[in-house]
file coords.cif (mmCIF, C-alpha atoms)
data_structure
loop_
_atom_site.label_atom_id
_atom_site.label_comp_id
_atom_site.auth_asym_id
_atom_site.auth_seq_id
_atom_site.Cartn_x
_atom_site.Cartn_y
_atom_site.Cartn_z
CA MET A 1 75.36 100.83 69.58
CA GLN A 2 72.72 98.87 71.41
CA PHE A 3 71.96 98.86 75.12
CA ASP A 4 72.69 95.30 76.27
CA TRP A 5 70.18 94.37 78.96
CA SER A 6 71.87 90.99 79.57
CA ILE A 7 74.77 92.87 81.22
CA VAL A 8 72.31 94.58 83.55
CA ALA A 9 70.74 91.21 84.35
CA ARG A 10 74.08 89.47 84.88
CA TYR A 11 75.55 92.17 87.12
CA GLY A 12 72.31 93.26 88.80
CA GLY A 13 73.17 91.44 92.03
CA SER A 14 76.69 92.87 92.20
CA PHE A 15 75.35 96.36 91.62
CA VAL A 16 72.91 95.97 94.50
CA ASP A 17 75.77 94.70 96.71
CA GLY A 18 77.87 97.64 95.56
CA ALA A 19 75.11 100.13 96.34
CA VAL A 20 74.66 98.57 99.80
CA MET A 21 78.41 98.88 100.43
CA THR A 22 78.32 102.52 99.28
CA LEU A 23 75.45 103.23 101.66
CA VAL A 24 77.03 101.37 104.61
CA VAL A 25 80.38 103.11 104.18
CA SER A 26 78.70 106.51 103.77
CA VAL A 27 76.43 106.12 106.80
CA ALA A 28 79.34 104.94 108.97
CA ALA A 29 81.55 107.81 107.79
CA THR A 30 78.77 110.36 108.31
CA LEU A 31 78.04 109.20 111.87
CA ILE A 32 81.73 109.11 112.85
CA GLY A 33 82.26 112.37 110.97
CA LEU A 34 79.44 114.03 112.93
CA VAL A 35 81.08 113.03 116.23
CA ILE A 36 84.49 114.27 115.02
CA GLY A 37 82.85 117.40 113.67
CA MET A 38 81.05 118.13 116.94
CA LEU A 39 84.27 117.69 118.93
CA ALA A 40 86.20 119.87 116.48
CA ALA A 41 83.47 122.54 116.51
CA LEU A 42 83.46 122.66 120.32
CA ALA A 43 87.27 122.75 120.31
CA ARG A 44 87.25 125.67 117.86
CA LEU A 45 84.93 127.56 120.23
CA SER A 46 86.86 126.63 123.37
CA PRO A 47 88.76 129.22 125.44
CA TRP A 48 92.04 127.26 125.17
CA VAL A 49 94.33 128.55 122.43
CA PHE A 50 96.02 125.17 122.01
CA LEU A 51 92.75 123.30 121.49
CA ARG A 52 91.55 125.97 119.05
CA GLY A 53 94.84 125.73 117.13
CA VAL A 54 94.71 121.94 116.82
CA ALA A 55 91.09 121.97 115.63
CA ARG A 56 91.81 124.78 113.18
CA ALA A 57 94.84 122.95 111.73
CA TYR A 58 92.77 119.78 111.33
CA VAL A 59 89.96 121.60 109.53
CA GLU A 60 92.27 123.63 107.27
CA ILE A 61 94.52 120.73 106.27
CA ILE A 62 91.65 118.37 105.53
CA ARG A 63 89.65 120.96 103.60
CA GLY A 64 92.69 122.22 101.70
CA THR A 65 93.90 118.88 100.31
CA PRO A 66 92.18 116.32 98.07
CA LEU A 67 90.49 113.30 99.65
CA LEU A 68 92.33 111.07 97.17
CA VAL A 69 95.70 112.23 98.56
CA GLN A 70 94.47 111.68 102.13
CA LEU A 71 93.28 108.22 101.18
CA PHE A 72 96.59 107.27 99.56
CA PHE A 73 98.41 108.67 102.56
CA LEU A 74 96.39 106.67 105.09
CA TYR A 75 96.51 103.55 102.99
CA ALA A 76 100.29 103.70 102.46
CA ALA A 77 101.60 105.44 105.57
CA LEU A 78 99.69 103.73 108.40
CA PRO A 79 101.24 100.26 107.81
CA LEU A 80 104.71 101.84 108.25
CA TYR A 81 103.71 102.63 111.83
CA GLY A 82 102.37 99.16 112.49
CA ILE A 83 98.69 100.02 111.97
CA ARG A 84 97.16 97.56 109.54
CA LEU A 85 93.62 98.28 108.39
CA SER A 86 91.48 96.55 105.79
CA ALA A 87 90.58 98.51 102.67
CA VAL A 88 87.05 99.11 103.97
CA ALA A 89 88.28 100.26 107.39
CA SER A 90 90.89 102.65 106.03
CA GLY A 91 88.30 103.95 103.59
CA ILE A 92 85.84 104.66 106.40
CA VAL A 93 88.59 106.34 108.47
CA ALA A 94 89.63 108.59 105.56
CA LEU A 95 86.04 109.48 104.67
CA SER A 96 85.12 110.19 108.34
CA LEU A 97 88.12 112.46 108.86
CA TYR A 98 87.27 114.24 105.60
CA THR A 99 83.58 114.84 106.25
CA GLY A 100 84.31 115.60 109.93
CA ALA A 101 86.21 118.74 108.92
CA PHE A 102 83.29 120.02 106.85
CA ALA A 103 80.74 119.04 109.53
CA ALA A 104 82.85 120.94 112.10
CA GLU A 105 82.40 124.21 110.22
CA ILE A 106 78.67 123.61 109.68
CA LEU A 107 78.09 122.78 113.37
CA ARG A 108 80.22 125.69 114.56
CA ALA A 109 78.06 128.08 112.53
CA GLY A 110 74.93 126.40 113.96
CA ILE A 111 76.09 126.70 117.57
CA THR A 112 77.04 130.36 117.26
CA ALA A 113 73.76 131.15 115.49
CA VAL A 114 71.57 130.35 118.53
CA GLN A 115 71.51 133.40 120.77
CA ARG A 116 71.61 133.18 124.55
CA GLY A 117 68.46 135.30 124.75
CA HIS A 118 66.37 132.50 123.23
CA VAL A 119 67.23 130.11 126.05
CA GLU A 120 66.71 132.79 128.68
CA ALA A 121 63.33 133.77 127.21
CA ALA A 122 62.17 130.13 127.12
CA ARG A 123 63.23 129.57 130.73
CA SER A 124 61.48 132.74 131.90
CA LEU A 125 58.28 131.54 130.18
CA GLY A 126 58.39 128.52 132.50
CA MET A 127 59.95 125.89 130.23
CA SER A 128 62.32 123.43 131.87
CA TYR A 129 65.88 123.29 130.57
CA GLY A 130 65.05 120.10 128.63
CA GLN A 131 61.96 121.66 127.10
CA ALA A 132 63.87 124.78 126.13
CA MET A 133 66.54 122.62 124.48
CA ARG A 134 64.05 120.44 122.64
CA ARG A 135 61.57 123.11 121.60
CA ILE A 136 63.73 126.19 121.13
CA VAL A 137 67.45 125.50 120.78
CA MET A 138 67.36 122.29 118.71
CA PRO A 139 64.90 123.58 116.08
CA LEU A 140 66.83 126.83 115.78
CA MET A 141 70.06 124.92 115.31
CA ALA A 142 68.38 122.43 112.98
CA VAL A 143 67.13 125.18 110.68
CA GLN A 144 70.68 126.39 110.39
CA VAL A 145 72.45 123.05 110.27
CA LEU A 146 70.24 120.44 108.57
CA PRO A 147 70.28 121.72 104.96
CA PRO A 148 74.09 121.95 104.79
CA LEU A 149 74.45 118.62 106.67
CA THR A 150 72.12 116.95 104.17
CA SER A 151 74.16 118.22 101.27
CA GLU A 152 77.30 117.13 103.11
CA PHE A 153 75.86 113.61 103.41
CA THR A 154 75.10 113.49 99.67
CA GLY A 155 78.70 114.62 99.24
CA VAL A 156 79.91 111.68 101.32
CA ILE A 157 77.98 109.25 99.11
CA LYS A 158 79.62 110.71 96.04
CA TRP A 159 83.08 110.92 97.58
CA SER A 160 82.82 107.31 98.75
CA SER A 161 83.32 106.44 95.05
CA LEU A 162 87.03 107.16 95.64
CA LEU A 163 87.25 104.11 97.88
CA SER A 164 87.11 102.07 94.65
CA VAL A 165 90.74 103.15 94.16
CA VAL A 166 91.77 101.15 97.23
CA THR A 167 89.61 98.17 96.10
CA VAL A 168 86.58 98.65 98.37
CA PRO A 169 83.81 96.78 96.50
CA GLU A 170 81.35 99.66 96.35
CA LEU A 171 79.28 100.95 93.44
CA THR A 172 82.01 102.59 91.34
CA TYR A 173 84.32 99.59 91.84
CA THR A 174 81.51 97.29 90.69
CA ALA A 175 80.98 99.40 87.58
CA TYR A 176 84.70 99.50 86.86
CA ARG A 177 84.97 95.73 87.21
CA ALA A 178 81.93 95.16 84.99
CA ILE A 179 83.47 97.41 82.32
CA GLY A 180 86.71 95.41 82.49
CA GLU A 181 84.95 92.05 82.22
CA THR A 182 82.40 92.88 79.54
CA TYR A 183 84.35 95.44 77.47
CA SER A 184 81.23 97.56 77.32
CA ALA A 185 81.14 100.80 79.25
CA VAL A 186 77.67 102.19 78.61
CA GLU A 187 75.57 99.72 80.59
CA PRO A 188 77.64 99.61 83.82
CA LEU A 189 78.05 103.40 83.83
CA VAL A 190 74.33 103.98 83.28
CA VAL A 191 73.32 101.51 86.01
CA ALA A 192 75.82 102.88 88.53
CA GLY A 193 74.91 106.48 87.64
CA LEU A 194 71.19 105.84 88.12
CA LEU A 195 71.80 104.10 91.46
CA TYR A 196 73.90 107.02 92.72
CA TRP A 197 71.30 109.48 91.47
CA GLY A 198 68.57 107.54 93.30
CA LEU A 199 70.57 107.33 96.55
CA ASN A 200 71.30 111.05 96.31
CA ASP A 201 67.67 112.09 95.80
CA LEU A 202 66.58 109.70 98.56
CA VAL A 203 68.96 111.37 101.03
CA VAL A 204 67.76 114.82 99.98
CA ALA A 205 64.11 113.76 100.48
CA VAL A 206 64.86 112.29 103.92
CA GLY A 207 66.75 115.44 104.89
CA ARG A 208 63.83 117.65 103.85
CA GLY A 209 61.38 115.48 105.80
CA LEU A 210 63.56 115.59 108.88
CA GLU A 211 63.88 119.34 108.56
CA ARG A 212 60.11 119.75 108.41
CA ARG A 213 59.65 117.49 111.47
CA LEU A 214 62.27 119.25 113.53
CA THR A 215 60.97 122.70 112.73
CA ARG A 216 57.28 122.04 113.26
CA HIS A 217 57.38 124.08 116.48
CA LEU A 218 58.53 127.12 114.52
CA ALA A 219 56.01 129.37 112.92
CA MET B 1 109.08 103.51 112.56
CA ARG B 2 111.03 105.80 110.28
CA GLY B 3 111.51 109.50 110.73
CA PHE B 4 110.64 112.24 108.30
CA ASP B 5 113.52 112.64 105.84
CA VAL B 6 113.65 116.17 104.42
CA ARG B 7 116.22 115.17 101.78
CA ILE B 8 113.59 113.01 100.09
CA VAL B 9 111.27 116.01 99.92
CA ILE B 10 113.98 118.16 98.31
CA GLU B 11 114.99 115.44 95.83
CA SER B 12 111.46 114.76 94.63
CA LEU B 13 110.35 118.39 94.62
CA PRO B 14 111.20 119.12 90.93
CA LEU B 15 109.07 116.15 89.79
CA LEU B 16 106.21 117.08 92.10
CA LEU B 17 106.31 120.71 90.95
CA ARG B 18 106.00 119.58 87.34
CA GLY B 19 102.90 117.61 88.40
CA ALA B 20 101.57 120.67 90.21
CA LEU B 21 101.91 122.66 86.99
CA ILE B 22 99.67 120.14 85.18
CA THR B 23 97.21 120.32 88.09
CA ILE B 24 97.11 124.11 87.74
CA GLN B 25 96.65 123.91 83.96
CA VAL B 26 93.86 121.34 84.02
CA SER B 27 92.09 123.18 86.88
CA ALA B 28 92.39 126.61 85.23
CA LEU B 29 90.93 125.35 81.94
CA GLY B 30 88.28 123.40 83.87
CA LEU B 31 87.30 126.54 85.77
CA LEU B 32 87.11 128.53 82.52
CA LEU B 33 84.83 125.91 80.94
CA ALA B 34 82.75 125.78 84.14
CA ALA B 35 82.21 129.55 83.99
CA LEU B 36 81.25 129.39 80.29
CA ILE B 37 78.68 126.67 81.09
CA ALA B 38 77.40 128.16 84.34
CA VAL B 39 76.31 131.61 83.10
CA PRO B 40 73.85 130.49 80.40
CA VAL B 41 72.64 127.57 82.56
CA ALA B 42 71.91 129.87 85.52
CA PHE B 43 69.81 132.16 83.31
CA ALA B 44 68.14 129.15 81.64
CA ARG B 45 67.12 127.82 85.08
CA LEU B 46 65.25 131.08 85.64
CA SER B 47 63.87 131.40 82.13
CA ARG B 48 60.20 131.43 81.27
CA SER B 49 60.58 128.49 78.88
CA ARG B 50 59.67 125.22 80.53
CA ILE B 51 61.88 123.17 78.17
CA LEU B 52 64.95 125.22 79.09
CA ARG B 53 64.15 124.96 82.79
CA THR B 54 63.64 121.17 82.67
CA THR B 55 66.71 120.33 80.57
CA THR B 56 68.99 122.46 82.72
CA PHE B 57 67.44 121.00 85.88
CA LEU B 58 68.13 117.46 84.63
CA TYR B 59 71.73 118.39 83.82
CA LEU B 60 72.24 119.93 87.26
CA ASP B 61 70.51 117.14 89.17
CA PHE B 62 72.40 114.44 87.29
CA VAL B 63 75.81 116.06 87.69
CA ARG B 64 75.22 116.82 91.35
CA GLY B 65 73.69 113.41 92.03
CA THR B 66 76.53 111.25 90.68
CA PRO B 67 80.21 111.10 91.67
CA LEU B 68 82.80 112.95 89.63
CA LEU B 69 84.81 109.74 89.33
CA LEU B 70 81.92 108.09 87.50
CA GLN B 71 81.54 111.16 85.25
CA LEU B 72 85.26 110.95 84.48
CA PHE B 73 84.91 107.29 83.50
CA ALA B 74 81.95 108.21 81.29
CA ILE B 75 83.92 110.93 79.50
CA PHE B 76 86.86 108.55 79.15
CA TYR B 77 84.92 105.55 77.81
CA LEU B 78 81.96 106.97 75.89
CA PRO B 79 83.40 109.37 73.26
CA PRO B 80 85.60 106.63 71.67
CA LEU B 81 82.39 104.64 71.06
CA LEU B 82 81.20 107.57 68.95
CA GLY B 83 84.55 107.78 67.18
CA ILE B 84 85.84 110.78 69.14
CA ASP B 85 89.34 110.50 70.58
CA LEU B 86 90.15 112.69 73.56
CA SER B 87 93.47 112.97 75.36
CA PRO B 88 93.39 112.38 79.14
CA PHE B 89 94.03 116.11 79.56
CA ALA B 90 91.06 117.07 77.36
CA SER B 91 88.75 114.54 79.08
CA GLY B 92 89.85 115.92 82.44
CA VAL B 93 89.11 119.51 81.43
CA ILE B 94 85.70 118.56 80.02
CA ALA B 95 84.72 116.51 83.09
CA LEU B 96 85.86 119.20 85.53
CA GLY B 97 84.12 121.87 83.45
CA LEU B 98 80.80 120.00 83.24
CA ASN B 99 80.94 119.13 86.95
CA GLY B 100 82.06 122.54 88.21
CA GLY B 101 79.66 124.26 85.80
CA ALA B 102 76.66 122.64 87.51
CA TYR B 103 77.69 123.75 91.00
CA THR B 104 78.67 127.23 89.77
CA ALA B 105 75.35 127.62 87.94
CA GLU B 106 73.45 127.02 91.19
CA ILE B 107 75.59 129.60 93.00
CA LEU B 108 74.93 132.16 90.25
CA ARG B 109 71.20 131.34 90.21
CA GLY B 110 71.03 132.03 93.95
CA GLY B 111 72.85 135.31 93.38
CA ILE B 112 70.55 136.34 90.53
CA GLN B 113 67.46 135.57 92.59
CA ALA B 114 68.83 137.55 95.53
CA LEU B 115 69.29 140.64 93.35
CA PRO B 116 66.34 143.05 93.67
CA ARG B 117 64.03 142.90 90.62
CA GLY B 118 64.25 146.66 90.30
CA GLN B 119 67.80 146.36 88.98
CA THR B 120 66.71 144.49 85.85
CA GLU B 121 63.53 146.53 85.51
CA SER B 122 65.37 149.87 85.57
CA ALA B 123 67.97 148.57 83.12
CA ARG B 124 65.20 147.52 80.74
CA ALA B 125 63.34 150.79 81.30
CA LEU B 126 66.51 152.67 80.32
CA GLY B 127 66.39 150.89 76.98
CA MET B 128 68.91 148.08 77.51
CA SER B 129 68.20 144.73 75.86
CA ALA B 130 67.85 141.66 78.06
CA LEU B 131 71.38 140.64 77.11
CA GLN B 132 72.79 144.09 77.86
CA SER B 133 71.09 144.22 81.25
CA ALA B 134 72.38 140.75 82.09
CA ARG B 135 75.92 141.62 81.08
CA ARG B 136 76.16 145.19 82.38
CA ILE B 137 73.83 145.25 85.39
CA VAL B 138 73.01 141.78 86.70
CA LEU B 139 76.23 139.76 86.33
CA PRO B 140 78.72 142.29 87.77
CA GLN B 141 76.64 142.64 90.92
CA VAL B 142 75.91 138.93 91.22
CA VAL B 143 79.56 137.94 90.77
CA ALA B 144 80.64 140.52 93.36
CA ASN B 145 78.05 139.18 95.81
CA VAL B 146 78.71 135.46 95.40
CA LEU B 147 82.49 135.72 95.06
CA PRO B 148 83.20 133.88 98.36
CA ALA B 149 81.04 130.94 97.22
CA LEU B 150 82.76 130.98 93.83
CA ALA B 151 86.15 130.91 95.55
CA ASN B 152 85.05 127.85 97.56
CA GLU B 153 83.88 126.19 94.37
CA SER B 154 87.24 126.91 92.68
CA ALA B 155 89.11 125.37 95.61
CA ALA B 156 86.84 122.31 95.40
CA LEU B 157 87.53 122.01 91.67
CA ILE B 158 91.30 122.18 92.20
CA LYS B 159 91.05 119.38 94.76
CA ALA B 160 88.71 117.44 92.48
CA SER B 161 91.30 117.64 89.69
CA SER B 162 93.21 114.97 91.66
CA LEU B 163 90.66 112.46 90.31
CA VAL B 164 91.89 113.07 86.78
CA SER B 165 94.85 110.91 87.86
CA ALA B 166 92.45 107.98 87.37
CA LEU B 167 92.58 108.73 83.61
CA ALA B 168 96.38 108.37 83.72
CA LEU B 169 96.95 112.12 83.46
CA VAL B 170 100.26 112.70 85.24
CA GLU B 171 99.25 115.56 87.53
CA LEU B 172 100.29 116.20 91.13
CA THR B 173 98.47 113.28 92.79
CA ARG B 174 99.59 110.81 90.13
CA VAL B 175 103.21 111.96 90.31
CA GLY B 176 103.08 111.53 94.09
CA TYR B 177 101.63 108.04 93.72
CA GLN B 178 104.30 107.07 91.18
CA VAL B 179 107.16 108.39 93.32
CA VAL B 180 105.80 106.55 96.37
CA SER B 181 105.55 103.26 94.50
CA ARG B 182 109.18 103.69 93.42
CA ILE B 183 110.85 104.80 96.65
CA LEU B 184 108.26 103.64 99.24
CA ARG B 185 108.28 106.89 101.21
CA PRO B 186 104.57 107.76 101.57
CA MET B 187 105.09 110.01 104.57
CA GLU B 188 107.44 112.51 102.94
CA ILE B 189 105.87 112.44 99.47
CA TYR B 190 102.19 112.68 100.41
CA VAL B 191 102.86 115.39 102.99
CA THR B 192 104.65 117.38 100.27
CA VAL B 193 101.83 116.73 97.78
CA GLY B 194 99.30 117.89 100.39
CA ALA B 195 101.36 121.00 101.13
CA LEU B 196 101.48 121.88 97.42
CA TYR B 197 97.66 121.60 97.18
CA LEU B 198 97.33 123.79 100.28
CA LEU B 199 99.66 126.34 98.64
CA ILE B 200 97.67 126.40 95.38
CA ASN B 201 94.41 126.78 97.31
CA ALA B 202 95.86 129.51 99.52
CA ALA B 203 96.90 131.43 96.40
CA VAL B 204 93.38 131.10 94.97
CA SER B 205 91.63 132.16 98.17
CA SER B 206 93.88 135.19 98.73
CA GLY B 207 93.30 136.17 95.10
CA ALA B 208 89.56 135.88 95.68
CA ALA B 209 89.79 137.94 98.88
CA LEU B 210 91.61 140.67 96.96
CA ALA B 211 89.00 140.61 94.18
CA HIS B 212 86.22 140.70 96.81
CA ARG B 213 87.66 143.96 98.18
CA ARG B 214 88.20 145.40 94.70
CA LEU B 215 84.64 144.59 93.65
CA ALA B 216 83.19 146.25 96.77
CA ALA B 217 82.01 149.10 94.52
CA TYR B 218 79.48 146.76 92.89
CA ARG B 219 77.94 145.61 96.17
#

call {"tool": "encode", "arguments": {"input": "coords.cif", "output": "structure tokens"}}
result
Amino acid sequence: MQFDWSIVARYGGSFVDGAVMTLVVSVAATLIGLVIGMLAALARLSPWVFLRGVARAYVEIIRGTPLLVQLFFLYAALPLYGIRLSAVASGIVALSLYTGAFAAEILRAGITAVQRGHVEAARSLGMSYGQAMRRIVMPLMAVQVLPPLTSEFTGVIKWSSLLSVVTVPELTYTAYRAIGETYSAVEPLVVAGLLYWGLNDLVVAVGRGLERRLTRHLA
Amino acid sequence: MRGFDVRIVIESLPLLLRGALITIQVSALGLLLAALIAVPVAFARLSRSRILRTTTFLYLDFVRGTPLLLQLFAIFYLPPLLGIDLSPFASGVIALGLNGGAYTAEILRGGIQALPRGQTESARALGMSALQSARRIVLPQVVANVLPALANESAALIKASSLVSALALVELTRVGYQVVSRILRPMEIYVTVGALYLLINAAVSSGAALAHRRLAAYR
């Protein structure tokens, strides 16, 4: 068994395209997921029972069922109700809804972790509301929230591989296609694996850097 | 727009339940393998030997840095090249075990590090071997402490078992997909599939909650 570099050379461009698609889909899903997550977290902390119930049902259903089932459901069920989405769009919707539920729980924990006393103390020391938010509340929340959000984002990159099942041309799809066309599995799997590994470690490094920046006011 | 037809749920339930049984079997064996891998790996990560630490770190970083779907493809395509034939069920168990083992090992490592050093030291001072102290003193306390995280990991593994459908193993997700392609009723079928996953996960988490209370003596 020999590692065939010509396959790497021939498919290099497609793998780069695939990695870009993986990154684009993951970033889009993470950003939308953060918005959904923030809304769901606030809803879960709201005084209205109905709002709390809806947010709780969303979080529990999404976290209790596999993403693959959610993806199949969206992909097959939406057209019955007249909503036609491209593979990429339905993939981003499914991934955003999925990561939004996890982000909701992370953000909820972060919000409840900051105590009222911190804001009051900052204000009484003469900080404006904006200063207190920027210097006290945000870093405190960031300490709590950034590490799990970073690992959630690496999770999104990995879970985005499922979009290959609905023919989104991302990294796993590219590898799968290359295996089908060349009849050799080792090279495409190694290349795709290394690219994922690199993306993953890059995200972790960026997350750590961001964490250090945001917490530089803290002793 | 069509309504939700309960008759379709009832008619397809026997088939879906048979799929759910396969999901439970592949997940249970995957969890067992994950536990068998995680315990030695967690201790190896904390060992004094640099070779052990580095190899286990590479295993963990690789598994956690690449998508499960890609790992499944690797376990499906690579062993035949070495002359080893695995059934889809066996490949699924191995992939879930290797993947879950990495995440479980990190949970256990955190638990071991959180345990006061004095526990091991007193065990050793009382004449226990390293193995005895790990088995009788360290692990019972660590498992009791990290049980909620282990329960989360088990739920994640059960959901992840849906990906084994990509290897043509006819488990719950695959059965659902097949029924939908035959009768074109994604709404009823995928909602039922999702409900069955929720049920399995609810059973696991209430079992874990019970064990958490029972193991309170060790905490």

call {"tool": "closest_residue", "arguments": {"input": "coords.cif", "among": "A:Ala29, A:Ala121, A:Ile157, A:Met138", "to": "chain B", "atoms": "only C-alpha atoms"}}
result
A:Ile157

call {"tool": "residues_around", "arguments": {"input": "coords.cif", "residues": "Ala217 in chain B", "least_positions_apart": "3", "cutoff": "9 Å", "atoms": "all atoms listed in the file", "output": "list in words"}}
result
Ala144, Arg213 and Arg214 of chain B

call {"tool": "resolve_selection", "arguments": {"input": "coords.cif", "expression": "the PyMOL selection byres ((chain A) within 9 of (chain B))", "output": "number ranges by chain"}}
result
A: 1, 60-61, 63-70, 72-74, 76-77, 80-82, 154-155, 157-162, 165, 172, 175-176, 184-186, 189-190, 192-201

call {"tool": "residues_near_point", "arguments": {"input": "coords.cif", "point": "(69.7, 130.8, 119.1)", "cutoff": "12 Å", "atoms": "all atoms listed in the file", "output": "list in words"}}
result
Ala109, Gly110, Ile111, Thr112, Ala113, Val114, Gln115, Arg116, Gly117, His118, Val119, Glu120, Ala121, Ala122, Ala132, Met133, Arg135, Ile136, Val137, Met138, Pro139, Leu140, Met141, Ala142, Val143 and Gln144 of chain A

call {"tool": "write_last_selection", "arguments": {"input": "coords.cif", "atoms": "C-alpha atoms", "output": "PDB file, in the coordinates of the input"}}
result
ATOM      1  CA  ALA A 109      78.060 128.080 112.530  1.00  0.00           C
ATOM      2  CA  GLY A 110      74.930 126.400 113.960  1.00  0.00           C
ATOM      3  CA  ILE A 111      76.090 126.700 117.570  1.00  0.00           C
ATOM      4  CA  THR A 112      77.040 130.360 117.260  1.00  0.00           C
ATOM      5  CA  ALA A 113      73.760 131.150 115.490  1.00  0.00           C
ATOM      6  CA  VAL A 114      71.570 130.350 118.530  1.00  0.00           C
ATOM      7  CA  GLN A 115      71.510 133.400 120.770  1.00  0.00           C
ATOM      8  CA  ARG A 116      71.610 133.180 124.550  1.00  0.00           C
ATOM      9  CA  GLY A 117      68.460 135.300 124.750  1.00  0.00           C
ATOM     10  CA  HIS A 118      66.370 132.500 123.230  1.00  0.00           C
ATOM     11  CA  VAL A 119      67.230 130.110 126.050  1.00  0.00           C
ATOM     12  CA  GLU A 120      66.710 132.790 128.680  1.00  0.00           C
ATOM     13  CA  ALA A 121      63.330 133.770 127.210  1.00  0.00           C
ATOM     14  CA  ALA A 122      62.170 130.130 127.120  1.00  0.00           C
ATOM     15  CA  ALA A 132      63.870 124.780 126.130  1.00  0.00           C
ATOM     16  CA  MET A 133      66.540 122.620 124.480  1.00  0.00           C
ATOM     17  CA  ARG A 135      61.570 123.110 121.600  1.00  0.00           C
ATOM     18  CA  ILE A 136      63.730 126.190 121.130  1.00  0.00           C
ATOM     19  CA  VAL A 137      67.450 125.500 120.780  1.00  0.00           C
ATOM     20  CA  MET A 138      67.360 122.290 118.710  1.00  0.00           C
ATOM     21  CA  PRO A 139      64.900 123.580 116.080  1.00  0.00           C
ATOM     22  CA  LEU A 140      66.830 126.830 115.780  1.00  0.00           C
ATOM     23  CA  MET A 141      70.060 124.920 115.310  1.00  0.00           C
ATOM     24  CA  ALA A 142      68.380 122.430 112.980  1.00  0.00           C
ATOM     25  CA  VAL A 143      67.130 125.180 110.680  1.00  0.00           C
ATOM     26  CA  GLN A 144      70.680 126.390 110.390  1.00  0.00           C
TER      27      GLN A 144
END

call {"tool": "residues_around", "arguments": {"input": "coords.cif", "residues": "range 138-142 of chain B", "least_positions_apart": "2", "cutoff": "8 Å", "atoms": "only C-alpha atoms", "output": "PyMOL selection string"}}
result
chain B and resi 108+111-112+115+119-120+133-136+144-146+218-219

call {"tool": "atom_distance", "arguments": {"input": "coords.cif", "atom1": "CA of Leu202 in chain A", "atom2": "CA of Gly97 in chain B"}}
result
26.2 Å

call {"tool": "residues_near_point", "arguments": {"input": "coords.cif", "point": "(78.1, 99.4, 98.6)", "cutoff": "12 Å", "atoms": "all atoms listed in the file", "output": "PyMOL selection string"}}
result
chain A and resi 13-28+88+157-158+160-161+163-164+167-175+192+195-196+199

call {"tool": "closest_residue", "arguments": {"input": "coords.cif", "among": "B:Leu86, B:Leu169, B:Ala114, B:Leu29", "to": "Gly101 in chain B", "atoms": "all atoms listed in the file"}}
result
B:Leu29

call {"tool": "closest_residue", "arguments": {"input": "coords.cif", "among": "B:Ala90, B:Leu31, B:Val9, B:Leu210", "to": "Leu167 in chain B", "atoms": "only C-alpha atoms"}}
result
B:Ala90

call {"tool": "atom_distance", "arguments": {"input": "coords.cif", "atom1": "CA of Val93 in chain B", "atom2": "CA of Ala34 in chain B"}}
result
9.3 Å

call {"tool": "atom_distance", "arguments": {"input": "coords.cif", "atom1": "CA of Leu32 in chain B", "atom2": "CA of Leu98 in chain B"}}
result
10.6 Å

call {"tool": "closest_residue", "arguments": {"input": "coords.cif", "among": "A:Ser124, A:Val166, A:Ala57, A:Ile36", "to": "Ala89 in chain A", "atoms": "only C-alpha atoms"}}
result
A:Val166

call {"tool": "decode", "arguments": {"input": "coords.cif", "residues": "range 156-165 of chain A", "atoms": "N, CA and C atoms", "output": "PDB file, in the first residue's frame"}}
result
ATOM      1  N   VAL A 156     -19.359  22.621  15.842  1.00  0.00           N
ATOM      2  CA  VAL A 156     -20.106  22.967  14.627  1.00  0.00           C
ATOM      3  C   VAL A 156     -19.307  22.579  13.388  1.00  0.00           C
ATOM      4  N   ILE A 157     -17.996  22.841  13.411  1.00  0.00           N
ATOM      5  CA  ILE A 157     -17.160  22.471  12.261  1.00  0.00           C
ATOM      6  C   ILE A 157     -17.256  20.973  12.011  1.00  0.00           C
ATOM      7  N   LYS A 158     -17.172  20.199  13.098  1.00  0.00           N
ATOM      8  CA  LYS A 158     -17.231  18.746  12.926  1.00  0.00           C
ATOM      9  C   LYS A 158     -18.628  18.296  12.495  1.00  0.00           C
ATOM     10  N   TRP A 159     -19.658  18.880  13.127  1.00  0.00           N
ATOM     11  CA  TRP A 159     -21.014  18.458  12.764  1.00  0.00           C
ATOM     12  C   TRP A 159     -21.387  18.880  11.348  1.00  0.00           C
ATOM     13  N   SER A 160     -20.726  19.936  10.835  1.00  0.00           N
ATOM     14  CA  SER A 160     -21.057  20.370   9.476  1.00  0.00           C
ATOM     15  C   SER A 160     -20.736  19.269   8.466  1.00  0.00           C
ATOM     16  N   SER A 161     -19.934  18.266   8.872  1.00  0.00           N
ATOM     17  CA  SER A 161     -19.648  17.141   7.975  1.00  0.00           C
ATOM     18  C   SER A 161     -20.934  16.411   7.584  1.00  0.00           C
ATOM     19  N   LEU A 162     -21.970  16.497   8.437  1.00  0.00           N
ATOM     20  CA  LEU A 162     -23.228  15.798   8.121  1.00  0.00           C
ATOM     21  C   LEU A 162     -23.928  16.403   6.915  1.00  0.00           C
ATOM     22  N   LEU A 163     -23.586  17.677   6.598  1.00  0.00           N
ATOM     23  CA  LEU A 163     -24.248  18.299   5.454  1.00  0.00           C
ATOM     24  C   LEU A 163     -23.884  17.583   4.157  1.00  0.00           C
ATOM     25  N   SER A 164     -22.782  16.791   4.197  1.00  0.00           N
ATOM     26  CA  SER A 164     -22.413  16.022   3.006  1.00  0.00           C
ATOM     27  C   SER A 164     -23.557  15.073   2.622  1.00  0.00           C
ATOM     28  N   VAL A 165     -24.341  14.647   3.610  1.00  0.00           N
ATOM     29  CA  VAL A 165     -25.431  13.704   3.349  1.00  0.00           C
ATOM     30  C   VAL A 165     -26.506  14.335   2.464  1.00  0.00           C
TER      31      VAL A 165
END
